[in-house]
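Novice: First the structure, which I've put down as structure tokens, then a few questions once you've had a look.
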Amino acid sequence: MPLPWTPVLPISTPRLLLRPHTADDLDDLLQFHSDPEVVRYLPWPVRSIDEVRFALLAKVPQSRVDSEGQWLVLAIEVAEDGQPGQVIGEVVLKCESQTEGEIGFALHAGFQRAGYGYEAASTMLSLAFGELALTRVTATLDARNAASAALLEKLGMTRGALVPDQPFKTERVDELHYAIDVADYS
């Protein structure tokens, strides 16, 4: 899909609702944006409520992508019997080009290892290769992040280069790259 990306939202899955963020998400976002274990491998530090409020203001309009380099950012909300539920994470897709995106995700610690991350990320891949008509999706992560690496592999993404000694927050880390092409997506 040529820019802009204006996906049909929200997207429902069996247990989740992927939707644009709203100002009402503040308390839910604070729960995982302020958790040192959740943000350990994410590009931001532990956030205070004011920092989460500021980040949320930037996220609210990110359900539309107008140019390369911008991110599509969707709240991951638990759907409970069709009723609004708790926002337990975020799934994102960066527009690298008209044909390529970069996926990412963050999930509240209390909801990890229950398949929610996979459900949200696989739905984002379906959006990328379907409605957005991308031909390739990549991911980059800290090589120490074994859980995210396992999730990317479960999604069918192929591990690529290991890039050593990359700057990350206040340290230098090894970076892993993953990718999947539309022809390999099922």
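Just remember, in the structure tokens the first chain shown is A, the second B, etc., residues are 1-based per chain, and ligands are 1-based in the order shown.
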Using only C-alpha atoms, which protein or nucleic acid residues come within 8 Å of range 109-122 of chain A? Drop anything in the same chain fewer than 5 positions from it, and give the result as a list in words.

Specialist: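 Result of the neighbour search: Thr13, Arg15, Leu16, Leu18, Phe32, Glu37, Val38, Ile76, Ile88, Val91, Ile103, Gly104, Leu151, Lys154 and Leu155 of chain A.
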
Novice: Restrict the selected residues to C-alpha atoms and save them as a PDB file, in the first residue's frame.

Specialist:
ATOM      1  CA  THR A  13      -8.191 -11.355  17.427  1.00  0.00           C
ATOM      2  CA  ARG A  15      -8.347 -12.597  22.763  1.00  0.00           C
ATOM      3  CA  LEU A  16      -7.140  -9.129  21.844  1.00  0.00           C
ATOM      4  CA  LEU A  18      -5.276  -3.929  18.531  1.00  0.00           C
ATOM      5  CA  PHE A  32       4.731  -1.761  32.010  1.00  0.00           C
ATOM      6  CA  GLU A  37      12.278  -5.969  33.572  1.00  0.00           C
ATOM      7  CA  VAL A  38       9.907  -5.005  30.742  1.00  0.00           C
ATOM      8  CA  ILE A  76      -2.687  -4.371  22.767  1.00  0.00           C
ATOM      9  CA  ILE A  88      -1.222  -5.000  28.262  1.00  0.00           C
ATOM     10  CA  VAL A  91       2.883  -3.710  18.886  1.00  0.00           C
ATOM     11  CA  ILE A 103       8.204  -4.921  13.766  1.00  0.00           C
ATOM     12  CA  GLY A 104       8.512  -4.491  17.516  1.00  0.00           C
ATOM     13  CA  LEU A 151       8.948 -15.197  19.485  1.00  0.00           C
ATOM     14  CA  LYS A 154       7.942 -18.725  16.137  1.00  0.00           C
ATOM     15  CA  LEU A 155       6.564 -16.074  13.766  1.00  0.00           C
TER      16      LEU A 155
END

Novice: Any chance you could list, as an mmCIF file with all heavy atoms, in the first residue's frame, the residues in range 7-169 of chain A that come up alpha helix (DSSP H) when DSSP is run on the backbone?

Specialist:
data_model
loop_
_atom_site.group_PDB
_atom_site.id
_atom_site.type_symbol
_atom_site.label_atom_id
_atom_site.label_comp_id
_atom_site.auth_asym_id
_atom_site.auth_seq_id
_atom_site.Cartn_x
_atom_site.Cartn_y
_atom_site.Cartn_z
ATOM 1 N N LEU A 26 -3.238 5.759 30.022
ATOM 2 C CA LEU A 26 -2.108 6.183 30.852
ATOM 3 C C LEU A 26 -1.791 5.201 31.978
ATOM 4 O O LEU A 26 -0.645 4.769 32.129
ATOM 5 C CB LEU A 26 -2.357 7.582 31.427
ATOM 6 C CG LEU A 26 -1.246 8.122 32.325
ATOM 7 C CD1 LEU A 26 0.055 8.295 31.544
ATOM 8 C CD2 LEU A 26 -1.677 9.433 32.969
ATOM 9 N N ASP A 27 -2.761 4.849 32.795
ATOM 10 C CA ASP A 27 -2.486 3.988 33.942
ATOM 11 C C ASP A 27 -1.998 2.610 33.508
ATOM 12 O O ASP A 27 -1.088 2.049 34.130
ATOM 13 C CB ASP A 27 -3.722 3.858 34.834
ATOM 14 C CG ASP A 27 -4.071 5.159 35.551
ATOM 15 O OD1 ASP A 27 -3.175 6.010 35.715
ATOM 16 O OD2 ASP A 27 -5.244 5.320 35.932
ATOM 17 N N ASP A 28 -2.588 2.067 32.444
ATOM 18 C CA ASP A 28 -2.157 0.758 31.946
ATOM 19 C C ASP A 28 -0.735 0.822 31.404
ATOM 20 O O ASP A 28 0.082 -0.070 31.669
ATOM 21 C CB ASP A 28 -3.102 0.244 30.860
ATOM 22 C CG ASP A 28 -4.475 -0.147 31.401
ATOM 23 O OD1 ASP A 28 -4.628 -0.286 32.633
ATOM 24 O OD2 ASP A 28 -5.391 -0.312 30.590
ATOM 25 N N LEU A 29 -0.411 1.863 30.648
ATOM 26 C CA LEU A 29 0.947 2.001 30.115
ATOM 27 C C LEU A 29 1.964 2.173 31.231
ATOM 28 O O LEU A 29 3.060 1.600 31.165
ATOM 29 C CB LEU A 29 1.036 3.188 29.153
ATOM 30 C CG LEU A 29 0.993 2.843 27.669
ATOM 31 C CD1 LEU A 29 -0.299 2.181 27.280
ATOM 32 C CD2 LEU A 29 1.271 4.056 26.834
ATOM 33 N N LEU A 30 1.609 2.917 32.262
ATOM 34 C CA LEU A 30 2.528 3.126 33.373
ATOM 35 C C LEU A 30 2.951 1.795 33.991
ATOM 36 O O LEU A 30 4.102 1.624 34.373
ATOM 37 C CB LEU A 30 1.891 4.029 34.434
ATOM 38 C CG LEU A 30 2.766 4.329 35.648
ATOM 39 C CD1 LEU A 30 4.042 5.073 35.234
ATOM 40 C CD2 LEU A 30 1.970 5.135 36.673
ATOM 41 N N GLN A 31 2.032 0.831 34.035
ATOM 42 C CA GLN A 31 2.343 -0.463 34.661
ATOM 43 C C GLN A 31 3.505 -1.169 33.983
ATOM 44 O O GLN A 31 4.298 -1.826 34.638
ATOM 45 C CB GLN A 31 1.111 -1.364 34.662
ATOM 46 C CG GLN A 31 0.052 -0.917 35.619
ATOM 47 C CD GLN A 31 -1.100 -1.890 35.663
ATOM 48 O OE1 GLN A 31 -0.936 -3.094 35.493
ATOM 49 N NE2 GLN A 31 -2.295 -1.371 35.903
ATOM 50 N N PHE A 32 3.612 -1.062 32.641
ATOM 51 C CA PHE A 32 4.731 -1.761 32.010
ATOM 52 C C PHE A 32 5.846 -0.828 31.552
ATOM 53 O O PHE A 32 6.995 -1.252 31.460
ATOM 54 C CB PHE A 32 4.282 -2.724 30.899
ATOM 55 C CG PHE A 32 3.616 -2.138 29.712
ATOM 56 C CD1 PHE A 32 4.346 -1.810 28.581
ATOM 57 C CD2 PHE A 32 2.248 -1.940 29.690
ATOM 58 C CE1 PHE A 32 3.734 -1.289 27.463
ATOM 59 C CE2 PHE A 32 1.618 -1.433 28.577
ATOM 60 C CZ PHE A 32 2.370 -1.104 27.456
ATOM 61 N N HIS A 33 5.581 0.432 31.317
ATOM 62 C CA HIS A 33 6.650 1.381 30.962
ATOM 63 C C HIS A 33 7.547 1.685 32.163
ATOM 64 O O HIS A 33 8.675 2.138 31.993
ATOM 65 C CB HIS A 33 6.067 2.693 30.434
ATOM 66 C CG HIS A 33 5.631 2.628 29.012
ATOM 67 N ND1 HIS A 33 5.990 3.577 28.105
ATOM 68 C CD2 HIS A 33 4.878 1.730 28.328
ATOM 69 C CE1 HIS A 33 5.466 3.288 26.914
ATOM 70 N NE2 HIS A 33 4.788 2.165 27.042
ATOM 71 N N PRO A 36 11.254 -2.202 35.284
ATOM 72 C CA PRO A 36 12.621 -2.382 34.788
ATOM 73 C C PRO A 36 12.819 -3.661 33.975
ATOM 74 O O PRO A 36 13.593 -3.671 33.018
ATOM 75 C CB PRO A 36 13.473 -2.425 36.067
ATOM 76 C CG PRO A 36 12.639 -1.790 37.115
ATOM 77 C CD PRO A 36 11.209 -2.031 36.734
ATOM 78 N N GLU A 37 12.124 -4.722 34.322
ATOM 79 C CA GLU A 37 12.278 -5.969 33.572
ATOM 80 C C GLU A 37 11.659 -5.872 32.180
ATOM 81 O O GLU A 37 12.180 -6.437 31.227
ATOM 82 C CB GLU A 37 11.685 -7.150 34.344
ATOM 83 C CG GLU A 37 12.566 -7.603 35.486
ATOM 84 C CD GLU A 37 13.992 -7.932 35.038
ATOM 85 O OE1 GLU A 37 14.179 -8.738 34.107
ATOM 86 O OE2 GLU A 37 14.935 -7.367 35.630
ATOM 87 N N VAL A 38 10.550 -5.162 32.050
ATOM 88 C CA VAL A 38 9.907 -5.005 30.742
ATOM 89 C C VAL A 38 10.759 -4.123 29.837
ATOM 90 O O VAL A 38 10.962 -4.443 28.662
ATOM 91 C CB VAL A 38 8.476 -4.436 30.877
ATOM 92 C CG1 VAL A 38 7.896 -4.081 29.516
ATOM 93 C CG2 VAL A 38 7.572 -5.443 31.590
ATOM 94 N N VAL A 39 11.273 -3.025 30.354
ATOM 95 C CA VAL A 39 12.003 -2.079 29.494
ATOM 96 C C VAL A 39 13.490 -2.410 29.369
ATOM 97 O O VAL A 39 14.209 -1.727 28.643
ATOM 98 C CB VAL A 39 11.818 -0.614 29.953
ATOM 99 C CG1 VAL A 39 10.344 -0.241 29.998
ATOM 100 C CG2 VAL A 39 12.488 -0.340 31.272
ATOM 101 N N ILE A 49 5.463 8.619 35.728
ATOM 102 C CA ILE A 49 4.131 8.888 35.194
ATOM 103 C C ILE A 49 4.159 10.073 34.232
ATOM 104 O O ILE A 49 3.490 10.055 33.197
ATOM 105 C CB ILE A 49 3.067 9.083 36.302
ATOM 106 C CG1 ILE A 49 1.668 9.106 35.663
ATOM 107 C CG2 ILE A 49 3.356 10.327 37.123
ATOM 108 C CD1 ILE A 49 0.535 8.862 36.606
ATOM 109 N N ASP A 50 4.945 11.101 34.525
ATOM 110 C CA ASP A 50 5.018 12.248 33.618
ATOM 111 C C ASP A 50 5.660 11.853 32.286
ATOM 112 O O ASP A 50 5.235 12.318 31.231
ATOM 113 C CB ASP A 50 5.785 13.404 34.264
ATOM 114 C CG ASP A 50 4.997 14.056 35.390
ATOM 115 O OD1 ASP A 50 3.746 13.989 35.376
ATOM 116 O OD2 ASP A 50 5.630 14.626 36.304
ATOM 117 N N GLU A 51 6.677 11.002 32.347
ATOM 118 C CA GLU A 51 7.323 10.533 31.109
ATOM 119 C C GLU A 51 6.385 9.637 30.300
ATOM 120 O O GLU A 51 6.367 9.706 29.068
ATOM 121 C CB GLU A 51 8.623 9.800 31.444
ATOM 122 C CG GLU A 51 9.695 10.735 31.971
ATOM 123 C CD GLU A 51 10.851 10.000 32.626
ATOM 124 O OE1 GLU A 51 10.634 8.928 33.243
ATOM 125 O OE2 GLU A 51 11.989 10.516 32.518
ATOM 126 N N VAL A 52 5.585 8.823 30.969
ATOM 127 C CA VAL A 52 4.604 7.984 30.260
ATOM 128 C C VAL A 52 3.535 8.873 29.638
ATOM 129 O O VAL A 52 3.130 8.660 28.490
ATOM 130 C CB VAL A 52 3.976 6.929 31.197
ATOM 131 C CG1 VAL A 52 2.843 6.183 30.496
ATOM 132 C CG2 VAL A 52 5.037 5.953 31.688
ATOM 133 N N ARG A 53 3.091 9.882 30.362
ATOM 134 C CA ARG A 53 2.090 10.822 29.828
ATOM 135 C C ARG A 53 2.617 11.490 28.554
ATOM 136 O O ARG A 53 1.914 11.573 27.543
ATOM 137 C CB ARG A 53 1.734 11.866 30.881
ATOM 138 C CG ARG A 53 0.616 12.810 30.454
ATOM 139 C CD ARG A 53 0.239 13.805 31.551
ATOM 140 N NE ARG A 53 -0.427 13.129 32.664
ATOM 141 C CZ ARG A 53 0.100 12.980 33.887
ATOM 142 N NH1 ARG A 53 1.281 13.470 34.190
ATOM 143 N NH2 ARG A 53 -0.580 12.358 34.818
ATOM 144 N N PHE A 54 3.872 11.923 28.579
ATOM 145 C CA PHE A 54 4.488 12.559 27.418
ATOM 146 C C PHE A 54 4.599 11.563 26.253
ATOM 147 O O PHE A 54 4.288 11.895 25.109
ATOM 148 C CB PHE A 54 5.869 13.103 27.796
ATOM 149 C CG PHE A 54 6.557 13.825 26.684
ATOM 150 C CD1 PHE A 54 6.185 15.115 26.341
ATOM 151 C CD2 PHE A 54 7.575 13.213 25.976
ATOM 152 C CE1 PHE A 54 6.816 15.788 25.310
ATOM 153 C CE2 PHE A 54 8.218 13.879 24.935
ATOM 154 C CZ PHE A 54 7.836 15.164 24.601
ATOM 155 N N ALA A 55 5.031 10.330 26.541
ATOM 156 C CA ALA A 55 5.140 9.295 25.502
ATOM 157 C C ALA A 55 3.773 8.970 24.915
ATOM 158 O O ALA A 55 3.631 8.785 23.696
ATOM 159 C CB ALA A 55 5.781 8.038 26.070
ATOM 160 N N LEU A 56 2.762 8.919 25.770
ATOM 161 C CA LEU A 56 1.412 8.605 25.304
ATOM 162 C C LEU A 56 0.893 9.684 24.357
ATOM 163 O O LEU A 56 0.252 9.364 23.344
ATOM 164 C CB LEU A 56 0.471 8.423 26.492
ATOM 165 C CG LEU A 56 -0.980 8.061 26.169
ATOM 166 C CD1 LEU A 56 -1.066 6.791 25.331
ATOM 167 C CD2 LEU A 56 -1.783 7.919 27.459
ATOM 168 N N LEU A 57 1.183 10.931 24.640
ATOM 169 C CA LEU A 57 0.762 12.007 23.734
ATOM 170 C C LEU A 57 1.336 11.799 22.329
ATOM 171 O O LEU A 57 0.671 12.083 21.333
ATOM 172 C CB LEU A 57 1.199 13.371 24.270
ATOM 173 C CG LEU A 57 0.428 13.901 25.467
ATOM 174 C CD1 LEU A 57 1.075 15.181 25.991
ATOM 175 C CD2 LEU A 57 -1.027 14.131 25.107
ATOM 176 N N ALA A 58 2.560 11.292 22.257
ATOM 177 C CA ALA A 58 3.173 11.018 20.950
ATOM 178 C C ALA A 58 2.550 9.790 20.296
ATOM 179 O O ALA A 58 2.455 9.715 19.066
ATOM 180 C CB ALA A 58 4.674 10.818 21.115
ATOM 181 N N LYS A 59 2.107 8.823 21.078
ATOM 182 C CA LYS A 59 1.568 7.568 20.541
ATOM 183 C C LYS A 59 0.147 7.723 19.979
ATOM 184 O O LYS A 59 -0.221 7.025 19.037
ATOM 185 C CB LYS A 59 1.555 6.483 21.620
ATOM 186 C CG LYS A 59 2.938 6.032 22.043
ATOM 187 C CD LYS A 59 2.840 5.089 23.239
ATOM 188 C CE LYS A 59 4.200 4.748 23.799
ATOM 189 N NZ LYS A 59 5.041 3.998 22.895
ATOM 190 N N TYR A 116 0.019 -13.917 24.222
ATOM 191 C CA TYR A 116 -0.492 -12.613 23.791
ATOM 192 C C TYR A 116 0.482 -11.907 22.848
ATOM 193 O O TYR A 116 0.063 -11.278 21.867
ATOM 194 C CB TYR A 116 -0.774 -11.712 24.995
ATOM 195 C CG TYR A 116 -1.915 -12.163 25.862
ATOM 196 C CD1 TYR A 116 -1.693 -12.548 27.182
ATOM 197 C CD2 TYR A 116 -3.227 -12.188 25.387
ATOM 198 C CE1 TYR A 116 -2.734 -12.949 28.003
ATOM 199 C CE2 TYR A 116 -4.279 -12.594 26.198
ATOM 200 C CZ TYR A 116 -4.018 -12.978 27.505
ATOM 201 O OH TYR A 116 -5.054 -13.375 28.300
ATOM 202 N N GLY A 117 1.773 -11.968 23.145
ATOM 203 C CA GLY A 117 2.766 -11.339 22.275
ATOM 204 C C GLY A 117 2.747 -11.942 20.886
ATOM 205 O O GLY A 117 2.778 -11.226 19.882
ATOM 206 N N TYR A 118 2.668 -13.270 20.823
ATOM 207 C CA TYR A 118 2.601 -13.947 19.531
ATOM 208 C C TYR A 118 1.326 -13.551 18.784
ATOM 209 O O TYR A 118 1.363 -13.259 17.586
ATOM 210 C CB TYR A 118 2.660 -15.467 19.709
ATOM 211 C CG TYR A 118 2.486 -16.199 18.402
ATOM 212 C CD1 TYR A 118 3.558 -16.341 17.535
ATOM 213 C CD2 TYR A 118 1.246 -16.711 18.024
ATOM 214 C CE1 TYR A 118 3.405 -16.988 16.312
ATOM 215 C CE2 TYR A 118 1.086 -17.358 16.813
ATOM 216 C CZ TYR A 118 2.170 -17.494 15.959
ATOM 217 O OH TYR A 118 2.003 -18.131 14.761
ATOM 218 N N GLU A 119 0.211 -13.528 19.483
ATOM 219 C CA GLU A 119 -1.078 -13.186 18.858
ATOM 220 C C GLU A 119 -1.044 -11.770 18.277
ATOM 221 O O GLU A 119 -1.481 -11.540 17.142
ATOM 222 C CB GLU A 119 -2.188 -13.314 19.904
ATOM 223 C CG GLU A 119 -3.586 -13.324 19.345
ATOM 224 C CD GLU A 119 -4.619 -13.700 20.399
ATOM 225 O OE1 GLU A 119 -4.335 -14.525 21.292
ATOM 226 O OE2 GLU A 119 -5.738 -13.151 20.312
ATOM 227 N N ALA A 120 -0.486 -10.822 19.037
ATOM 228 C CA ALA A 120 -0.406 -9.437 18.560
ATOM 229 C C ALA A 120 0.584 -9.299 17.409
ATOM 230 O O ALA A 120 0.280 -8.660 16.392
ATOM 231 C CB ALA A 120 -0.015 -8.510 19.708
ATOM 232 N N ALA A 121 1.773 -9.892 17.554
ATOM 233 C CA ALA A 121 2.801 -9.765 16.511
ATOM 234 C C ALA A 121 2.396 -10.474 15.232
ATOM 235 O O ALA A 121 2.633 -9.956 14.133
ATOM 236 C CB ALA A 121 4.133 -10.296 17.027
ATOM 237 N N SER A 122 1.769 -11.638 15.330
ATOM 238 C CA SER A 122 1.340 -12.336 14.107
ATOM 239 C C SER A 122 0.230 -11.559 13.410
ATOM 240 O O SER A 122 0.164 -11.531 12.176
ATOM 241 C CB SER A 122 0.914 -13.773 14.405
ATOM 242 O OG SER A 122 -0.215 -13.815 15.245
ATOM 243 N N THR A 123 -0.600 -10.878 14.186
ATOM 244 C CA THR A 123 -1.646 -10.037 13.588
ATOM 245 C C THR A 123 -1.018 -8.842 12.881
ATOM 246 O O THR A 123 -1.450 -8.455 11.786
ATOM 247 C CB THR A 123 -2.644 -9.584 14.674
ATOM 248 O OG1 THR A 123 -3.220 -10.752 15.276
ATOM 249 C CG2 THR A 123 -3.740 -8.706 14.086
ATOM 250 N N MET A 124 0.024 -8.260 13.469
ATOM 251 C CA MET A 124 0.724 -7.149 12.818
ATOM 252 C C MET A 124 1.399 -7.616 11.531
ATOM 253 O O MET A 124 1.374 -6.904 10.524
ATOM 254 C CB MET A 124 1.738 -6.522 13.768
ATOM 255 C CG MET A 124 2.424 -5.289 13.192
ATOM 256 S SD MET A 124 1.315 -3.881 12.849
ATOM 257 C CE MET A 124 1.425 -2.990 14.399
ATOM 258 N N LEU A 125 1.977 -8.825 11.532
ATOM 259 C CA LEU A 125 2.564 -9.357 10.293
ATOM 260 C C LEU A 125 1.489 -9.549 9.230
ATOM 261 O O LEU A 125 1.711 -9.248 8.048
ATOM 262 C CB LEU A 125 3.289 -10.678 10.550
ATOM 263 C CG LEU A 125 4.687 -10.606 11.129
ATOM 264 C CD1 LEU A 125 5.260 -12.011 11.296
ATOM 265 C CD2 LEU A 125 5.609 -9.763 10.269
ATOM 266 N N SER A 126 0.334 -10.060 9.629
ATOM 267 C CA SER A 126 -0.776 -10.227 8.670
ATOM 268 C C SER A 126 -1.185 -8.885 8.077
ATOM 269 O O SER A 126 -1.456 -8.788 6.878
ATOM 270 C CB SER A 126 -1.981 -10.882 9.350
ATOM 271 O OG SER A 126 -1.692 -12.200 9.719
ATOM 272 N N LEU A 127 -1.237 -7.854 8.906
ATOM 273 C CA LEU A 127 -1.552 -6.509 8.423
ATOM 274 C C LEU A 127 -0.472 -6.033 7.460
ATOM 275 O O LEU A 127 -0.768 -5.504 6.378
ATOM 276 C CB LEU A 127 -1.667 -5.540 9.601
ATOM 277 C CG LEU A 127 -1.853 -4.067 9.256
ATOM 278 C CD1 LEU A 127 -3.213 -3.835 8.601
ATOM 279 C CD2 LEU A 127 -1.701 -3.207 10.510
ATOM 280 N N ALA A 128 0.788 -6.247 7.827
ATOM 281 C CA ALA A 128 1.910 -5.791 6.999
ATOM 282 C C ALA A 128 1.880 -6.435 5.619
ATOM 283 O O ALA A 128 2.028 -5.752 4.599
ATOM 284 C CB ALA A 128 3.233 -6.103 7.696
ATOM 285 N N PHE A 129 1.704 -7.747 5.569
ATOM 286 C CA PHE A 129 1.746 -8.460 4.297
ATOM 287 C C PHE A 129 0.404 -8.455 3.573
ATOM 288 O O PHE A 129 0.348 -8.715 2.378
ATOM 289 C CB PHE A 129 2.218 -9.900 4.510
ATOM 290 C CG PHE A 129 3.667 -9.997 4.910
ATOM 291 C CD1 PHE A 129 4.057 -10.817 5.954
ATOM 292 C CD2 PHE A 129 4.647 -9.274 4.248
ATOM 293 C CE1 PHE A 129 5.395 -10.928 6.322
ATOM 294 C CE2 PHE A 129 5.982 -9.362 4.608
ATOM 295 C CZ PHE A 129 6.354 -10.196 5.647
ATOM 296 N N ALA A 146 16.483 -13.358 24.742
ATOM 297 C CA ALA A 146 16.144 -14.689 24.227
ATOM 298 C C ALA A 146 14.639 -14.872 24.014
ATOM 299 O O ALA A 146 14.221 -15.537 23.061
ATOM 300 C CB ALA A 146 16.682 -15.760 25.167
ATOM 301 N N ALA A 147 13.816 -14.293 24.872
ATOM 302 C CA ALA A 147 12.365 -14.462 24.741
ATOM 303 C C ALA A 147 11.849 -13.833 23.446
ATOM 304 O O ALA A 147 11.046 -14.435 22.726
ATOM 305 C CB ALA A 147 11.648 -13.859 25.945
ATOM 306 N N SER A 148 12.319 -12.630 23.124
ATOM 307 C CA SER A 148 11.877 -11.991 21.873
ATOM 308 C C SER A 148 12.437 -12.713 20.661
ATOM 309 O O SER A 148 11.752 -12.847 19.643
ATOM 310 C CB SER A 148 12.275 -10.516 21.851
ATOM 311 O OG SER A 148 11.471 -9.788 22.751
ATOM 312 N N ALA A 149 13.665 -13.200 20.756
ATOM 313 C CA ALA A 149 14.240 -13.972 19.647
ATOM 314 C C ALA A 149 13.396 -15.220 19.386
ATOM 315 O O ALA A 149 13.086 -15.548 18.229
ATOM 316 C CB ALA A 149 15.684 -14.347 19.943
ATOM 317 N N ALA A 150 12.987 -15.903 20.449
ATOM 318 C CA ALA A 150 12.144 -17.101 20.298
ATOM 319 C C ALA A 150 10.802 -16.743 19.671
ATOM 320 O O ALA A 150 10.292 -17.483 18.811
ATOM 321 C CB ALA A 150 11.956 -17.777 21.650
ATOM 322 N N LEU A 151 10.222 -15.626 20.064
ATOM 323 C CA LEU A 151 8.948 -15.197 19.485
ATOM 324 C C LEU A 151 9.103 -14.897 18.002
ATOM 325 O O LEU A 151 8.271 -15.312 17.185
ATOM 326 C CB LEU A 151 8.409 -13.975 20.235
ATOM 327 C CG LEU A 151 7.147 -13.333 19.663
ATOM 328 C CD1 LEU A 151 6.006 -14.326 19.533
ATOM 329 C CD2 LEU A 151 6.719 -12.153 20.518
ATOM 330 N N LEU A 152 10.160 -14.202 17.628
ATOM 331 C CA LEU A 152 10.381 -13.891 16.209
ATOM 332 C C LEU A 152 10.551 -15.174 15.394
ATOM 333 O O LEU A 152 10.015 -15.285 14.285
ATOM 334 C CB LEU A 152 11.600 -12.981 16.049
ATOM 335 C CG LEU A 152 11.450 -11.581 16.642
ATOM 336 C CD1 LEU A 152 12.784 -10.842 16.611
ATOM 337 C CD2 LEU A 152 10.358 -10.784 15.952
ATOM 338 N N GLU A 153 11.244 -16.145 15.949
ATOM 339 C CA GLU A 153 11.415 -17.417 15.242
ATOM 340 C C GLU A 153 10.094 -18.168 15.144
ATOM 341 O O GLU A 153 9.795 -18.783 14.116
ATOM 342 C CB GLU A 153 12.512 -18.239 15.919
ATOM 343 C CG GLU A 153 13.880 -17.606 15.681
ATOM 344 C CD GLU A 153 15.016 -18.220 16.480
ATOM 345 O OE1 GLU A 153 14.851 -19.322 17.050
ATOM 346 O OE2 GLU A 153 16.096 -17.580 16.524
ATOM 347 N N LYS A 154 9.275 -18.100 16.183
ATOM 348 C CA LYS A 154 7.942 -18.725 16.137
ATOM 349 C C LYS A 154 7.074 -18.072 15.058
ATOM 350 O O LYS A 154 6.243 -18.733 14.437
ATOM 351 C CB LYS A 154 7.269 -18.615 17.506
ATOM 352 C CG LYS A 154 5.953 -19.333 17.598
ATOM 353 C CD LYS A 154 5.385 -19.277 19.002
ATOM 354 C CE LYS A 154 4.051 -19.996 19.064
ATOM 355 N NZ LYS A 154 3.446 -19.927 20.409
#

Novice: Quick one: pick out all strand (DSSP E) residues within chain A from a backbone DSSP run and write them as JSON, numbers by chain.

Specialist: {"A": [11, 12, 16, 17, 18, 19, 71, 72, 73, 74, 75, 76, 77, 78, 87, 88, 89, 90, 91, 92, 93, 94, 95, 100, 101, 102, 103, 104, 105, 106, 107, 136, 137, 138, 139, 140, 141, 142, 158, 159, 160, 161, 162, 163, 164, 165, 166, 167, 168, 171, 172, 173, 174, 175, 176, 177, 178, 179, 180, 181]}

Novice: Excluding same-chain residues fewer than 5 positions from Arg159 in chain A, what lies within 8 Å of it counting only C-alpha atoms, as a PyMOL selection string?

Specialist: chain A and resi 153+176-179

Novice: Restricting it to N, CA and C atoms, dump the selection as a PDB file, in the first residue's frame.

Specialist:
ATOM      1  N   GLU A 153      11.244 -16.145  15.949  1.00  0.00           N
ATOM      2  CA  GLU A 153      11.415 -17.417  15.242  1.00  0.00           C
ATOM      3  C   GLU A 153      10.094 -18.168  15.144  1.00  0.00           C
ATOM      4  N   LEU A 176      20.926  -8.486  17.237  1.00  0.00           N
ATOM      5  CA  LEU A 176      20.491  -9.537  16.326  1.00  0.00           C
ATOM      6  C   LEU A 176      19.484  -8.967  15.338  1.00  0.00           C
ATOM      7  N   HIS A 177      19.576  -9.415  14.097  1.00  0.00           N
ATOM      8  CA  HIS A 177      18.639  -8.985  13.061  1.00  0.00           C
ATOM      9  C   HIS A 177      17.847 -10.192  12.575  1.00  0.00           C
ATOM     10  N   TYR A 178      16.562  -9.984  12.383  1.00  0.00           N
ATOM     11  CA  TYR A 178      15.657 -11.006  11.865  1.00  0.00           C
ATOM     12  C   TYR A 178      14.908 -10.429  10.679  1.00  0.00           C
ATOM     13  N   ALA A 179      14.399 -11.309   9.809  1.00  0.00           N
ATOM     14  CA  ALA A 179      13.608 -10.858   8.666  1.00  0.00           C
ATOM     15  C   ALA A 179      12.696 -11.984   8.189  1.00  0.00           C
TER      16      ALA A 179
END

Novice: Rank nothing, just name the residue among A:Asn145, A:Gln98, A:Ser186, A:Thr170 nearest to Met157 in chain A, using only C-alpha atoms.

Specialist: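 Ranking A:Asn145, A:Gln98, A:Ser186, A:Thr170 by distance to Met157 in chain A, first place goes to A:Ser186.
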
Novice: Using only C-alpha atoms, which residue out of A:Pro84, A:Trp44, A:Ala106, A:Val92 lies closest to Trp71 in chain A?

Specialist: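 The answer is A:Val92, which sits nearest to Trp71 in chain A.
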